[in-house]
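To keep things clear, I will list the structure first and then write my remarks on it.
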Amino acid sequence: MRSKEGDDTESLSLPVDLIIEILTKLPPRSLSRLICVSKLWLSIIHGKYFNDWYLTRSSTRPRLLLHRYCHDTRRSHYSSLSSGLSLGDSITLPGCQISPPVRGLICCVDHDSIIVVIGNPSTGQFLTLTHDAITDKIFFGYDPVNDLYKVLSMNFFHDIDGSVVLEKSQVLTLVGAQESWRVIECKYPYYPGTQGICHNGVVYYGAWSNLTDRRSVVVGFDLRSEEFSLITLPEDVQIVSRFESDLVRYNGKIALVNVSLTRKFDLWVLMDVQKHEWSKYSVVAPTCDFFRCRGTIETGELIFEQLYFGDQFSILYYDPKQDKARRVDLERSGDTTSSGRKLFVDHVESPMFLPRKFIH
């Protein structure tokens with residue numbers, strides 16, 4: 001029987017750079033099996049250098065991530081869609097409310113808004129985070145300066161006059177930080193009305209000053225300083241509802257877009273964060289079906305997902321410069337229990353393994 005020391009000796013016969021080059025070409029699920037080859041391979045695959053290099057390579061071929069929630073089982077199913085327009089294997093994770101993927105990881109909350117979960121759809125691995133309060137809204141982001149992932153949890157309650165009041169904002173730092181949930185002050189306790197988009201170390205989300213007059217704003221949460229900032233929207237631009245408005249990525253910038261029951265979509269793109277300058281871009285989708293705009297991908301194509309679906313779910317790729325479109329119809333494949341679907345763009349495969357001591 002070959003010893004582990006012998007295995008390491010054989011591994012050393014290959015240059016480490018060559019081993020890394022080979023490993024970066026493999027899918028994350030295969031890497032999880034190769035950690036048993038030797039101590040050397042284990043240290044490489046779990047190392048920060050390899051993880052960052054793998055993400056750099058993976059970011060050149062981003063994928064779409066399809067989230068399907070089953071109300072009966074209270075489980076979520078995730079499938080990635082490659083550039084070849086084929087669905088990858090479905091991964092099942094707990095959780096209902098989901099934040100957009102950040103460097104290949106997702107954060108979600110269970111049906112009862114109590115359990116917070118960090119998951120890696122590429123490996124199927126997930127970890128449950130200890131939380132002592134109900135989570136009404138969850139945001140997830142990455143601080144590139146300090147190389148840290150953080151979760152922002154917000155809890156609200158209804159006042160006697162019917163207005164919604166922020167009760168508590170908490171932050172949890174991930175990946176080895178010796179911390180637990182920390183209560184932080186929010187200078188702008190506005191009720192979130194969109195998903196949160198992490199961009200350059202800041203999580204942006206659309207919000208209302210309250211649910212009475214619904215004055216729409218965009219709030220930025222700086223993951224490094226853990227401070228909130230307020231960005232005003234152009235006059236007469238509103239966040240309609242959580243189901244009809246969303247923040248998306250548009251050619252590397254943050255944009256607000258509303259659901260359109262016509263073919264015309266107006267995207268308000270944040271051009272200057274400090275000056276609160278926005279530009280309006282209008283696009284006419286080449287379809288008569290009801291679609292929701294999910295933003296752009298690396299090719300410059302706009303991605304639209306079907307707003308209402310029956311036996312199949314459709315995705316529309318549209319290049320506004322060339323005025324060309326391609327439509328992909330995905331069969332439900334026997335999945336008749338899904339009560340909700342959402343498509344995320346710019347998802348990348350991550351080899352990150354979530355150790356049991358991920359949270360302290």
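Residue numbering restarts at 1 for every chain of the structure tokens, chains are lettered A, B, ... in their displayed order, and ligands are numbered from 1 as they appear.
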Backbone-only DSSP, strand (DSSP E or B) members of stretch 106-256 of chain A, as an NGL selection string: :A and (106-109 or 116-120 or 125-129 or 137-143 or 148-158 or 164-173 or 182-184 or 191-199 or 202-208 or 216-222 or 227-232 or 245-250 or 253-256)
Spatial neighbours of A:Ser169, max dist 6 Å, only C-alpha atoms, sep filter under 4 positions, as a list of chain:residue names: A:Ser153, A:Met154, A:Val183, A:Ile184
Could you list, as a compact mmCIF listing (two decimals) with C-alpha atoms, in the first residue's frame, every residue within 7 Å of A:Gly193, counting only C-alpha atoms and ignoring same-chain residues fewer than 2 positions away?
# COMPACT_ATOMS: atom_id res chain seq x y z
CA TYR A 191 -36.95 49.89 3.81
CA GLY A 206 -32.94 50.53 -3.74
CA ALA A 207 -35.13 51.59 -0.83
CA TRP A 208 -38.09 53.68 0.31
CA ILE A 239 -38.95 52.08 -7.19
CA SER A 241 -42.28 47.46 -5.77
CA ARG A 242 -39.99 44.61 -4.77
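Note that atom CA of A:Leu166 and atom CA of A:Val151 are 17.0 Å apart.
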Non-local contacts of A:Glu298 (10 Å; only C-alpha atoms; under 4 positions in same chain excluded) as a PyMOL selection string: chain A and resi 59-63+250-252+302+345-346
Selection: 7 Å around stretch 27-37 of chain A, only C-alpha atoms, excl. self and same-chain fewer than 5 positions, as a VMD selection string: chain A and resid 42 45 122 to 123 350 to 351
What would the file look like if the residues just selected were written as a PDB file, in the first residue's frame with N, CA and C atoms?
ATOM      1  N   LEU A  42      -3.808  18.891  -1.430  1.00  0.00           N
ATOM      2  CA  LEU A  42      -4.737  19.457  -0.445  1.00  0.00           C
ATOM      3  C   LEU A  42      -4.379  20.905  -0.127  1.00  0.00           C
ATOM      4  N   ILE A  45      -5.133  23.202  -3.303  1.00  0.00           N
ATOM      5  CA  ILE A  45      -6.552  23.427  -3.584  1.00  0.00           C
ATOM      6  C   ILE A  45      -7.197  24.286  -2.517  1.00  0.00           C
ATOM      7  N   SER A 122     -21.335  25.776  -6.947  1.00  0.00           N
ATOM      8  CA  SER A 122     -20.421  24.998  -7.776  1.00  0.00           C
ATOM      9  C   SER A 122     -20.012  23.691  -7.115  1.00  0.00           C
ATOM     10  N   THR A 123     -19.984  23.671  -5.776  1.00  0.00           N
ATOM     11  CA  THR A 123     -19.593  22.461  -5.052  1.00  0.00           C
ATOM     12  C   THR A 123     -20.770  21.795  -4.353  1.00  0.00           C
ATOM     13  N   SER A 350     -16.629  28.820  -8.345  1.00  0.00           N
ATOM     14  CA  SER A 350     -15.641  29.022  -7.289  1.00  0.00           C
ATOM     15  C   SER A 350     -15.208  27.678  -6.708  1.00  0.00           C
ATOM     16  N   PRO A 351     -13.899  27.505  -6.463  1.00  0.00           N
ATOM     17  CA  PRO A 351     -13.427  26.266  -5.859  1.00  0.00           C
ATOM     18  C   PRO A 351     -13.412  26.328  -4.336  1.00  0.00           C
TER      19      PRO A 351
END
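Picture a line from atom CA of A:Ser58 to atom CA of A:Leu26; it runs 10.7 Å.
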Surrounding residues of A:Asp52 excluding itself and chain neighbours under 5 positions, 12 Å, only C-alpha atoms, as a list in words: Ile20, Thr24, Ile44, Ile45, His46, Gly47, Arg57, Ser58, Ser59, Arg103, Gly104, Pro144, Asp147, Glu349, Ser350, Pro351 and Met352 of chain A
Hey, can you spit out that residue selection with N, CA and C atoms as a PDB file, in the first residue's frame?
ATOM      1  N   ILE A  20      -0.988  23.472 -10.605  1.00  0.00           N
ATOM      2  CA  ILE A  20      -1.997  24.532 -10.483  1.00  0.00           C
ATOM      3  C   ILE A  20      -2.680  24.773 -11.821  1.00  0.00           C
ATOM      4  N   THR A  24      -6.741  24.275 -12.355  1.00  0.00           N
ATOM      5  CA  THR A  24      -7.631  25.393 -12.703  1.00  0.00           C
ATOM      6  C   THR A  24      -8.537  25.062 -13.885  1.00  0.00           C
ATOM      7  N   ILE A  44      -2.620  22.977  -1.931  1.00  0.00           N
ATOM      8  CA  ILE A  44      -2.797  23.823  -3.118  1.00  0.00           C
ATOM      9  C   ILE A  44      -4.258  24.194  -3.306  1.00  0.00           C
ATOM     10  N   ILE A  45      -5.133  23.202  -3.303  1.00  0.00           N
ATOM     11  CA  ILE A  45      -6.552  23.427  -3.584  1.00  0.00           C
ATOM     12  C   ILE A  45      -7.197  24.286  -2.517  1.00  0.00           C
ATOM     13  N   HIS A  46      -6.772  24.149  -1.270  1.00  0.00           N
ATOM     14  CA  HIS A  46      -7.352  24.948  -0.185  1.00  0.00           C
ATOM     15  C   HIS A  46      -6.634  26.283   0.007  1.00  0.00           C
ATOM     16  N   GLY A  47      -5.586  26.524  -0.761  1.00  0.00           N
ATOM     17  CA  GLY A  47      -4.799  27.741  -0.586  1.00  0.00           C
ATOM     18  C   GLY A  47      -5.449  28.963  -1.215  1.00  0.00           C
ATOM     19  N   ARG A  57      -9.508  33.135 -13.536  1.00  0.00           N
ATOM     20  CA  ARG A  57      -9.757  32.401 -14.779  1.00  0.00           C
ATOM     21  C   ARG A  57     -11.256  32.234 -15.017  1.00  0.00           C
ATOM     22  N   SER A  58     -11.987  31.935 -13.950  1.00  0.00           N
ATOM     23  CA  SER A  58     -13.417  31.698 -14.066  1.00  0.00           C
ATOM     24  C   SER A  58     -14.169  32.961 -14.453  1.00  0.00           C
ATOM     25  N   SER A  59     -13.665  34.121 -14.023  1.00  0.00           N
ATOM     26  CA  SER A  59     -14.354  35.383 -14.323  1.00  0.00           C
ATOM     27  C   SER A  59     -14.316  35.730 -15.802  1.00  0.00           C
ATOM     28  N   ARG A 103     -18.589  36.452  -6.176  1.00  0.00           N
ATOM     29  CA  ARG A 103     -17.384  35.622  -6.366  1.00  0.00           C
ATOM     30  C   ARG A 103     -17.703  34.141  -6.220  1.00  0.00           C
ATOM     31  N   GLY A 104     -18.851  33.731  -6.751  1.00  0.00           N
ATOM     32  CA  GLY A 104     -19.217  32.321  -6.763  1.00  0.00           C
ATOM     33  C   GLY A 104     -19.987  31.834  -5.554  1.00  0.00           C
ATOM     34  N   PRO A 144     -12.789  43.915  -1.132  1.00  0.00           N
ATOM     35  CA  PRO A 144     -11.543  43.513  -1.801  1.00  0.00           C
ATOM     36  C   PRO A 144     -10.290  44.039  -1.116  1.00  0.00           C
ATOM     37  N   ASP A 147     -10.025  41.612   1.849  1.00  0.00           N
ATOM     38  CA  ASP A 147     -10.265  40.227   1.441  1.00  0.00           C
ATOM     39  C   ASP A 147     -11.232  39.534   2.405  1.00  0.00           C
ATOM     40  N   GLU A 349     -17.789  30.196 -11.343  1.00  0.00           N
ATOM     41  CA  GLU A 349     -17.538  28.984 -10.578  1.00  0.00           C
ATOM     42  C   GLU A 349     -16.413  29.231  -9.577  1.00  0.00           C
ATOM     43  N   SER A 350     -16.629  28.820  -8.345  1.00  0.00           N
ATOM     44  CA  SER A 350     -15.641  29.022  -7.289  1.00  0.00           C
ATOM     45  C   SER A 350     -15.208  27.678  -6.708  1.00  0.00           C
ATOM     46  N   PRO A 351     -13.899  27.505  -6.463  1.00  0.00           N
ATOM     47  CA  PRO A 351     -13.427  26.266  -5.859  1.00  0.00           C
ATOM     48  C   PRO A 351     -13.412  26.328  -4.336  1.00  0.00           C
ATOM     49  N   MET A 352     -13.895  27.456  -3.776  1.00  0.00           N
ATOM     50  CA  MET A 352     -13.777  27.660  -2.333  1.00  0.00           C
ATOM     51  C   MET A 352     -14.527  26.591  -1.551  1.00  0.00           C
TER      52      MET A 352
END
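Across the structure, atom CA of A:Glu227 and atom CA of A:Phe139 are spaced 14.1 Å apart.
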